[in-house]
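protein.cif (mmCIF, C-alpha atoms and all ligand atoms)
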data_work
#
loop_
_atom_site.label_atom_id
_atom_site.label_comp_id
_atom_site.auth_asym_id
_atom_site.auth_seq_id
_atom_site.Cartn_x
_atom_site.Cartn_y
_atom_site.Cartn_z
CA MET A 1 -36.48 103.93 -134.37
CA ARG A 2 -33.46 102.84 -132.42
CA GLN A 3 -30.48 101.59 -134.36
CA ALA A 4 -27.39 99.76 -133.17
CA GLN A 5 -24.18 101.76 -133.33
CA SER A 6 -20.72 100.43 -134.17
CA ASP A 7 -19.86 97.29 -132.20
CA PRO A 8 -22.71 94.78 -132.47
CA THR A 9 -21.71 93.25 -129.17
CA ASP A 10 -22.73 96.52 -127.59
CA SER A 11 -25.73 97.06 -129.83
CA ALA A 12 -28.51 96.71 -127.30
CA ALA A 13 -26.97 99.30 -125.01
CA ALA A 14 -25.98 101.66 -127.83
CA ALA A 15 -29.36 101.83 -129.52
CA VAL A 16 -30.39 105.25 -130.85
CA SER A 17 -33.61 106.22 -132.57
CA LEU A 18 -33.97 106.21 -136.37
CA PRO A 19 -36.64 108.32 -138.08
CA LEU A 20 -39.42 106.08 -139.39
CA THR A 21 -38.87 107.00 -143.04
CA GLU A 22 -35.18 106.24 -142.78
CA ALA A 23 -35.95 102.90 -141.14
CA LEU A 24 -38.41 102.04 -143.93
CA ARG A 25 -35.84 102.94 -146.58
CA THR A 26 -32.91 101.12 -145.05
CA THR A 27 -34.19 97.95 -143.35
CA GLY A 28 -32.76 95.23 -145.53
CA ALA A 29 -32.45 91.50 -145.08
CA VAL A 30 -29.82 90.56 -142.48
CA ARG A 31 -28.49 87.01 -142.53
CA ASP A 32 -25.16 87.38 -140.73
CA PHE A 33 -25.45 87.55 -136.99
CA SER A 34 -22.95 87.98 -134.20
CA ASP A 35 -22.71 85.31 -131.52
CA GLN A 36 -24.29 87.66 -129.02
CA PRO A 37 -27.43 85.98 -127.69
CA VAL A 38 -30.68 87.90 -127.77
CA ASP A 39 -32.39 88.13 -124.44
CA ASP A 40 -35.93 86.77 -124.21
CA THR A 41 -37.08 90.11 -122.84
CA VAL A 42 -35.92 91.78 -126.07
CA VAL A 43 -37.79 89.21 -128.20
CA ALA A 44 -40.85 89.68 -126.01
CA ARG A 45 -40.66 93.46 -126.53
CA VAL A 46 -40.38 92.97 -130.29
CA LEU A 47 -43.52 90.81 -130.33
CA ASP A 48 -45.27 93.25 -128.01
CA THR A 49 -44.69 96.05 -130.53
CA ALA A 50 -45.39 93.96 -133.63
CA ARG A 51 -48.80 92.85 -132.32
CA PHE A 52 -50.14 96.29 -133.28
CA ALA A 53 -49.85 95.32 -136.96
CA PRO A 54 -53.05 95.54 -139.00
CA SER A 55 -55.01 92.48 -140.14
CA GLY A 56 -58.29 91.94 -142.00
CA GLY A 57 -61.16 92.41 -139.54
CA ASN A 58 -58.51 92.88 -136.85
CA ALA A 59 -58.47 89.07 -136.62
CA GLN A 60 -54.81 88.94 -135.50
CA ALA A 61 -54.71 85.38 -136.78
CA TRP A 62 -51.03 84.89 -135.96
CA ARG A 63 -49.35 82.36 -133.70
CA VAL A 64 -45.62 82.46 -132.93
CA VAL A 65 -43.42 79.61 -131.76
CA VAL A 66 -40.02 80.70 -130.41
CA LEU A 67 -37.62 77.96 -131.46
CA LYS A 68 -35.14 77.18 -128.69
CA ASP A 69 -34.64 73.41 -128.71
CA PRO A 70 -31.39 72.68 -130.64
CA ALA A 71 -32.76 69.43 -132.08
CA LYS A 72 -35.86 71.17 -133.42
CA ARG A 73 -33.68 73.95 -134.83
CA ARG A 74 -31.48 71.43 -136.64
CA HIS A 75 -34.55 69.72 -138.03
CA VAL A 76 -35.92 73.05 -139.33
CA ARG A 77 -32.51 73.77 -140.89
CA GLU A 78 -32.67 70.46 -142.78
CA LEU A 79 -36.12 71.35 -144.06
CA TYR A 80 -34.94 74.84 -144.96
CA LEU A 81 -32.00 73.40 -146.87
CA ARG A 82 -34.27 71.18 -148.92
CA GLY A 83 -36.26 74.20 -150.10
CA TRP A 84 -33.10 76.24 -150.58
CA ARG A 85 -31.59 73.64 -152.93
CA ASP A 86 -34.79 73.56 -154.98
CA TYR A 87 -34.79 77.36 -155.06
CA MET A 88 -31.23 77.43 -156.34
CA ALA A 89 -31.97 74.73 -158.94
CA MET A 90 -34.89 76.74 -160.30
CA LEU A 91 -32.87 79.94 -160.36
CA ALA A 92 -30.09 78.11 -162.21
CA ALA A 93 -32.66 77.03 -164.81
CA GLY A 94 -33.74 80.64 -165.32
CA LEU A 95 -37.06 80.22 -163.50
CA GLN A 96 -38.63 82.52 -160.94
CA PRO A 97 -38.77 79.95 -158.13
CA TRP A 98 -42.33 78.75 -157.39
CA ALA A 99 -44.01 81.56 -159.32
CA PRO A 100 -47.67 80.48 -159.53
CA THR A 101 -47.54 81.03 -163.29
CA ASN A 102 -44.53 78.76 -163.83
CA ASP A 103 -44.60 75.84 -166.23
CA ARG A 104 -44.59 72.94 -163.74
CA GLU A 105 -42.84 70.65 -166.19
CA ALA A 106 -39.99 73.14 -166.56
CA GLU A 107 -39.80 73.25 -162.77
CA ALA A 108 -39.69 69.45 -162.56
CA ARG A 109 -36.88 69.37 -165.14
CA ALA A 110 -34.93 71.96 -163.14
CA LEU A 111 -35.36 69.96 -159.94
CA ALA A 112 -34.17 66.77 -161.64
CA GLU A 113 -30.78 68.38 -162.32
CA PRO A 114 -28.01 67.94 -159.73
CA PRO A 115 -28.36 70.89 -157.32
CA PRO A 116 -25.93 73.76 -157.95
CA SER A 117 -23.20 73.78 -155.34
CA THR A 118 -23.52 76.57 -152.82
CA GLY A 119 -20.96 77.40 -150.19
CA PRO A 120 -21.83 77.22 -146.53
CA GLY A 121 -24.11 80.17 -145.96
CA PHE A 122 -27.22 81.29 -144.18
CA ALA A 123 -29.16 78.12 -145.04
CA GLU A 124 -26.43 75.85 -143.69
CA ARG A 125 -26.20 77.92 -140.50
CA PHE A 126 -29.94 78.34 -140.08
CA ASP A 127 -30.02 76.45 -136.77
CA GLN A 128 -27.38 78.82 -135.36
CA VAL A 129 -29.47 81.97 -135.91
CA PRO A 130 -29.87 83.60 -132.47
CA VAL A 131 -33.66 83.91 -132.71
CA LEU A 132 -35.95 81.78 -134.86
CA LEU A 133 -39.66 82.56 -134.77
CA ALA A 134 -42.02 80.17 -136.52
CA LEU A 135 -45.03 82.20 -137.62
CA PHE A 136 -48.33 80.43 -138.18
CA ALA A 137 -51.62 81.75 -139.53
CA ASP A 138 -54.93 80.45 -138.21
CA LEU A 139 -56.80 79.87 -141.46
CA SER A 140 -60.15 79.83 -139.65
CA LEU A 141 -59.68 83.53 -138.85
CA LEU A 142 -58.41 84.82 -142.20
CA ALA A 143 -60.53 87.04 -144.42
CA ALA A 144 -59.19 85.44 -147.60
CA VAL A 145 -61.42 87.47 -149.89
CA ASP A 146 -59.92 85.91 -153.02
CA ARG A 147 -60.22 82.32 -151.81
CA ASP A 148 -62.86 81.44 -154.44
CA THR A 149 -61.04 82.79 -157.48
CA PRO A 150 -59.54 80.25 -159.88
CA ARG A 151 -56.17 81.97 -159.61
CA TYR A 152 -53.66 81.61 -156.83
CA SER A 153 -55.05 83.08 -153.57
CA PHE A 154 -52.94 85.53 -151.58
CA ALA A 155 -55.29 87.94 -149.79
CA GLY A 156 -55.19 85.81 -146.63
CA GLY A 157 -51.43 86.27 -146.38
CA ALA A 158 -51.96 90.01 -146.43
CA SER A 159 -53.33 89.67 -142.90
CA ILE A 160 -50.19 87.95 -141.63
CA TYR A 161 -47.18 89.48 -143.35
CA PRO A 162 -47.65 93.04 -142.04
CA PHE A 163 -47.14 91.42 -138.61
CA ALA A 164 -44.04 89.63 -139.89
CA TRP A 165 -42.61 92.88 -141.24
CA SER A 166 -43.49 94.70 -138.01
CA ILE A 167 -41.42 92.07 -136.19
CA VAL A 168 -38.42 92.89 -138.39
CA LEU A 169 -38.91 96.66 -137.93
CA ALA A 170 -39.47 96.37 -134.18
CA ALA A 171 -36.40 94.15 -133.99
CA ARG A 172 -34.38 96.80 -135.76
CA ASP A 173 -35.50 99.29 -133.16
CA GLU A 174 -33.85 96.98 -130.62
CA GLY A 175 -30.58 96.99 -132.57
CA LEU A 176 -31.36 93.64 -134.20
CA GLY A 177 -31.45 92.65 -137.85
CA GLY A 178 -33.27 89.83 -139.51
CA VAL A 179 -35.09 88.34 -142.41
CA ILE A 180 -38.49 86.81 -143.10
CA THR A 181 -37.99 83.34 -144.58
CA THR A 182 -40.60 81.26 -146.34
CA MET A 183 -38.34 78.43 -147.53
CA PRO A 184 -39.45 76.09 -144.68
CA ILE A 185 -43.02 76.29 -145.99
CA ARG A 186 -41.95 73.83 -148.69
CA ALA A 187 -41.91 71.30 -145.84
CA GLU A 188 -44.94 72.69 -144.03
CA ALA A 189 -46.37 69.34 -142.95
CA GLU A 190 -43.09 68.35 -141.33
CA VAL A 191 -42.67 71.71 -139.61
CA LYS A 192 -46.23 71.48 -138.30
CA ALA A 193 -45.63 67.99 -136.96
CA LEU A 194 -42.33 69.05 -135.39
CA LEU A 195 -43.88 72.06 -133.66
CA ARG A 196 -47.21 70.35 -132.90
CA ALA A 197 -49.17 72.90 -134.91
CA PRO A 198 -52.67 71.53 -135.53
CA ASP A 199 -55.00 72.38 -138.41
CA PRO A 200 -56.16 75.03 -139.23
CA LEU A 201 -52.74 76.57 -138.58
CA ALA A 202 -50.64 77.17 -141.68
CA LEU A 203 -46.94 77.99 -141.65
CA ALA A 204 -46.46 81.57 -142.89
CA ALA A 205 -42.74 82.10 -142.23
CA VAL A 206 -39.78 81.42 -140.02
CA ILE A 207 -38.31 84.77 -139.02
CA ALA A 208 -34.57 84.92 -138.26
CA LEU A 209 -33.30 87.64 -135.92
CA GLY A 210 -30.02 88.51 -134.25
CA TYR A 211 -27.48 91.26 -133.72
CA PRO A 212 -26.14 92.05 -137.20
CA VAL A 213 -22.48 91.70 -138.10
CA HIS A 214 -22.79 94.42 -140.77
CA GLN A 215 -24.61 97.70 -140.69
CA PRO A 216 -27.43 98.05 -143.25
CA ARG A 217 -26.26 99.03 -146.72
CA ARG A 218 -28.00 100.87 -149.53
CA LEU A 219 -30.95 98.80 -150.71
CA SER A 220 -31.57 98.10 -154.38
CA ARG A 221 -35.22 98.76 -155.26
CA ALA A 222 -36.96 99.78 -158.51
CA PRO A 223 -38.15 103.41 -158.76
CA VAL A 224 -41.82 104.35 -158.22
CA SER A 225 -42.25 105.20 -161.91
CA SER A 226 -41.51 101.58 -162.80
CA PHE A 227 -44.56 100.22 -160.94
CA ALA A 228 -47.04 103.08 -160.41
CA THR A 229 -49.28 104.46 -163.16
CA VAL A 230 -52.24 106.83 -163.38
CA ASP A 231 -55.82 105.58 -163.85
CA THR A 232 -55.00 102.31 -165.63
CA VAL A 233 -52.20 99.81 -165.37
CA ASP A 234 -51.04 100.85 -168.83
CA GLY A 235 -51.51 104.55 -168.00
CA PRO A 236 -48.76 107.12 -167.73
CA ALA A 237 -46.09 106.49 -165.14
CA PHE A 238 -46.75 108.08 -161.75
CA GLY A 239 -43.96 109.56 -159.69
C1 LIG B 1 -42.32 86.92 -148.10
C2 LIG B 1 -40.82 86.87 -148.08
C3 LIG B 1 -40.17 85.65 -148.10
C4 LIG B 1 -38.77 85.58 -148.05
N1 LIG B 1 -38.16 84.36 -147.97
C5 LIG B 1 -36.84 84.30 -147.78
C6 LIG B 1 -36.20 83.06 -147.53
O1 LIG B 1 -36.84 82.00 -147.47
N2 LIG B 1 -34.86 83.04 -147.33
C7 LIG B 1 -34.13 84.20 -147.37
O2 LIG B 1 -32.92 84.13 -147.18
N3 LIG B 1 -34.70 85.40 -147.60
C8 LIG B 1 -36.03 85.48 -147.80
N4 LIG B 1 -36.64 86.69 -147.96
C9 LIG B 1 -35.82 87.92 -148.01
C10 LIG B 1 -35.72 88.46 -149.42
O3 LIG B 1 -34.81 87.65 -150.13
C11 LIG B 1 -35.24 89.91 -149.34
O4 LIG B 1 -36.24 90.68 -148.70
C12 LIG B 1 -35.00 90.52 -150.72
O5 LIG B 1 -34.10 89.74 -151.48
C13 LIG B 1 -34.44 91.93 -150.59
O6 LIG B 1 -33.16 91.83 -149.99
P1 LIG B 1 -32.43 93.11 -149.37
O7 LIG B 1 -33.31 93.63 -148.28
O8 LIG B 1 -31.13 92.57 -148.87
O9 LIG B 1 -32.27 94.09 -150.47
C14 LIG B 1 -38.01 86.77 -148.02
C15 LIG B 1 -38.67 88.01 -148.00
C16 LIG B 1 -40.05 88.06 -148.00
C17 LIG B 1 -40.74 89.41 -147.92
#

Final C-alpha cells representation of the file:
Amino acid sequence: MRQAQSDPTDSAAAAVSLPLTEALRTTGAVRDFSDQPVDDTVVARVLDTARFAPSGGNAQAWRVVVLKDPAKRRHVRELYLRGWRDYMAMLAAGLQPWAPTNDREAEARALAEPPPSTGPGFAERFDQVPVLLALFADLSLLAAVDRDTPRYSFAGGASIYPFAWSIVLAARDEGLGGVITTMPIRAEAEVKALLRAPDPLALAAVIALGYPVHQPRRLSRAPVSSFATVDTVDGPAFG
C-alpha cells in the first residue's frame, strides 16, 4: 500500500507502497487534516478500489453521497455535535455509550446532566474535513440473518462496514488518512432528509478523509489471547 512521506502537502506525489500487513497493523483513526484539498479523481479512485469489498450475497448494498455543499456540511456538523455531546455525557457517567445492553434510565440520567465541556476538536471542525462521504445501506438488499432474533441485530451491518473500512485502507494507499464516524446516525432522519435519501436507505456512517497532519502512531489494541479461545468461549486462550 502506498503511504504518504514527510510533508503532507506533498503526500499524493510522495506516496510509496506499504505491505498489506503493515497497513492493517498501523491504520489508525485520523482526525487532523491538512488544508490540502483532495482531488475528486483521488476520491473516485478510493471508491473504485473499495467497491471490491465483500458483502452478503455480493449484494453491494451501499450508496455513497460525497458531501460538497458547505451548508449541508455545516448541517451535518451540527447533527454530529449533538451525538458527540451525548456520547461525552454518557462516557462521563461511566457508561459505554449506546451499548445495546445499557440501562436506558441510567443513560437518560446521564443525558440530563449538563454536557461536559470539550475544547474545539474534530466534532467542531467536522464541516471543514476535506472529504466527507455519507454512506447509506439499502436495507432491501441486506442479508440481515439475525433480523428476527429478540436481541439487537447487527449482521446486516456486516455487509456494509467492510466497504467502509476498505475506503479507509484505499484512502491510505493514496496518502490520505481518515475515520469512520457513526455519530451522525443519532440524527439519521435529519441526515436522510438533508441528503434526500429515501427509504429503505439507512445511514451507516459518515467517513472523513483528508491528508493527515501526523503520521500514524503505534495503535493500542488488546492481544489475541485476550479475545480468542479454543473450542468454547471459556476455553483456553488461543495465541
Ligand atoms: C463503526 C465505527 C464507528 C466509529 N464512530 C466514530 C465517530 O463517530 N467519531 C469518531 O471520531 N470516531 C469514530 N470511530 C473511530 C474509533 O473511535 C477508532 O477506530 C478507535 O477509537 C480506535 O482509534 P485508533 O485507531 O486511533 O487507535 C468509529 C470507528 C468505527 C469502526

Excluding Leu195 in chain A and any residue of its chain fewer than 4 positions from it, enumerate the residues within 12 Å of it, using only C-alpha atoms, and give them as a PDB file with C-alpha atoms, in the frame of the given file.
ATOM      1  CA  ARG A  63     -49.350  82.360-133.700  1.00  0.00           C
ATOM      2  CA  VAL A  64     -45.620  82.460-132.930  1.00  0.00           C
ATOM      3  CA  VAL A  65     -43.420  79.610-131.760  1.00  0.00           C
ATOM      4  CA  VAL A  66     -40.020  80.700-130.410  1.00  0.00           C
ATOM      5  CA  LEU A  67     -37.620  77.960-131.460  1.00  0.00           C
ATOM      6  CA  LYS A  68     -35.140  77.180-128.690  1.00  0.00           C
ATOM      7  CA  ASP A  69     -34.640  73.410-128.710  1.00  0.00           C
ATOM      8  CA  ALA A  71     -32.760  69.430-132.080  1.00  0.00           C
ATOM      9  CA  LYS A  72     -35.860  71.170-133.420  1.00  0.00           C
ATOM     10  CA  ARG A  73     -33.680  73.950-134.830  1.00  0.00           C
ATOM     11  CA  HIS A  75     -34.550  69.720-138.030  1.00  0.00           C
ATOM     12  CA  VAL A  76     -35.920  73.050-139.330  1.00  0.00           C
ATOM     13  CA  LEU A 133     -39.660  82.560-134.770  1.00  0.00           C
ATOM     14  CA  ALA A 134     -42.020  80.170-136.520  1.00  0.00           C
ATOM     15  CA  LEU A 135     -45.030  82.200-137.620  1.00  0.00           C
ATOM     16  CA  PHE A 136     -48.330  80.430-138.180  1.00  0.00           C
ATOM     17  CA  GLU A 188     -44.940  72.690-144.030  1.00  0.00           C
ATOM     18  CA  ALA A 189     -46.370  69.340-142.950  1.00  0.00           C
ATOM     19  CA  GLU A 190     -43.090  68.350-141.330  1.00  0.00           C
ATOM     20  CA  VAL A 191     -42.670  71.710-139.610  1.00  0.00           C
ATOM     21  CA  LEU A 201     -52.740  76.570-138.580  1.00  0.00           C
ATOM     22  CA  ALA A 202     -50.640  77.170-141.680  1.00  0.00           C
ATOM     23  CA  LEU A 203     -46.940  77.990-141.650  1.00  0.00           C
TER      24      LEU A 203
END

- Message: Any residue with an atom at most 10 Å from ligand LIG 1 (chain B) counts, using all atoms listed in the file. Which are they? Put them as a PyMOL selection string.
- Response: chain A and resi 25-31+80-81+83-84+87+121-123+126+157+161-162+164-165+178-186+204-208+216-221

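Proximity ranking of A:Ala106, A:Ala143, A:Val38, A:Ala53 relative to Ala89 in chain A places A:Ala106 first, based on only C-alpha atoms.
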
- Task: Would you please work out which residue, of A:Pro150, A:Asp234, A:Pro200, A:Ser225, is nearest to Pro100 in chain A when using all atoms listed in the file?
- Result: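 Going through A:Pro150, A:Asp234, A:Pro200, A:Ser225 one by one, the smallest distance to Pro100 in chain A is for A:Pro150.
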
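Between CA of Arg82 in chain A and CA of Gly94 in chain A the separation is 18.9 Å.
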
- Message: So the first atom is CA of Met90 in chain A and the second is CA of Leu111 in chain A; what is the distance between them in Å, to one decimal place?
- Response: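 Rounded to one decimal, the two atoms are 6.8 Å apart.
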
- Message: Report, in Å with one decimal, the straight-line distance from CA of Gln215 in chain A to CA of Phe52 in chain A.
- Response: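 Straight-line distance from CA of Gln215 in chain A to CA of Phe52 in chain A works out to 26.6 Å.
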
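Take the candidates A:Gly156, A:Pro37, A:Pro54, A:Gly119 and check each one against Ala144 in chain A using only C-alpha atoms; the shortest distance goes to A:Gly156.
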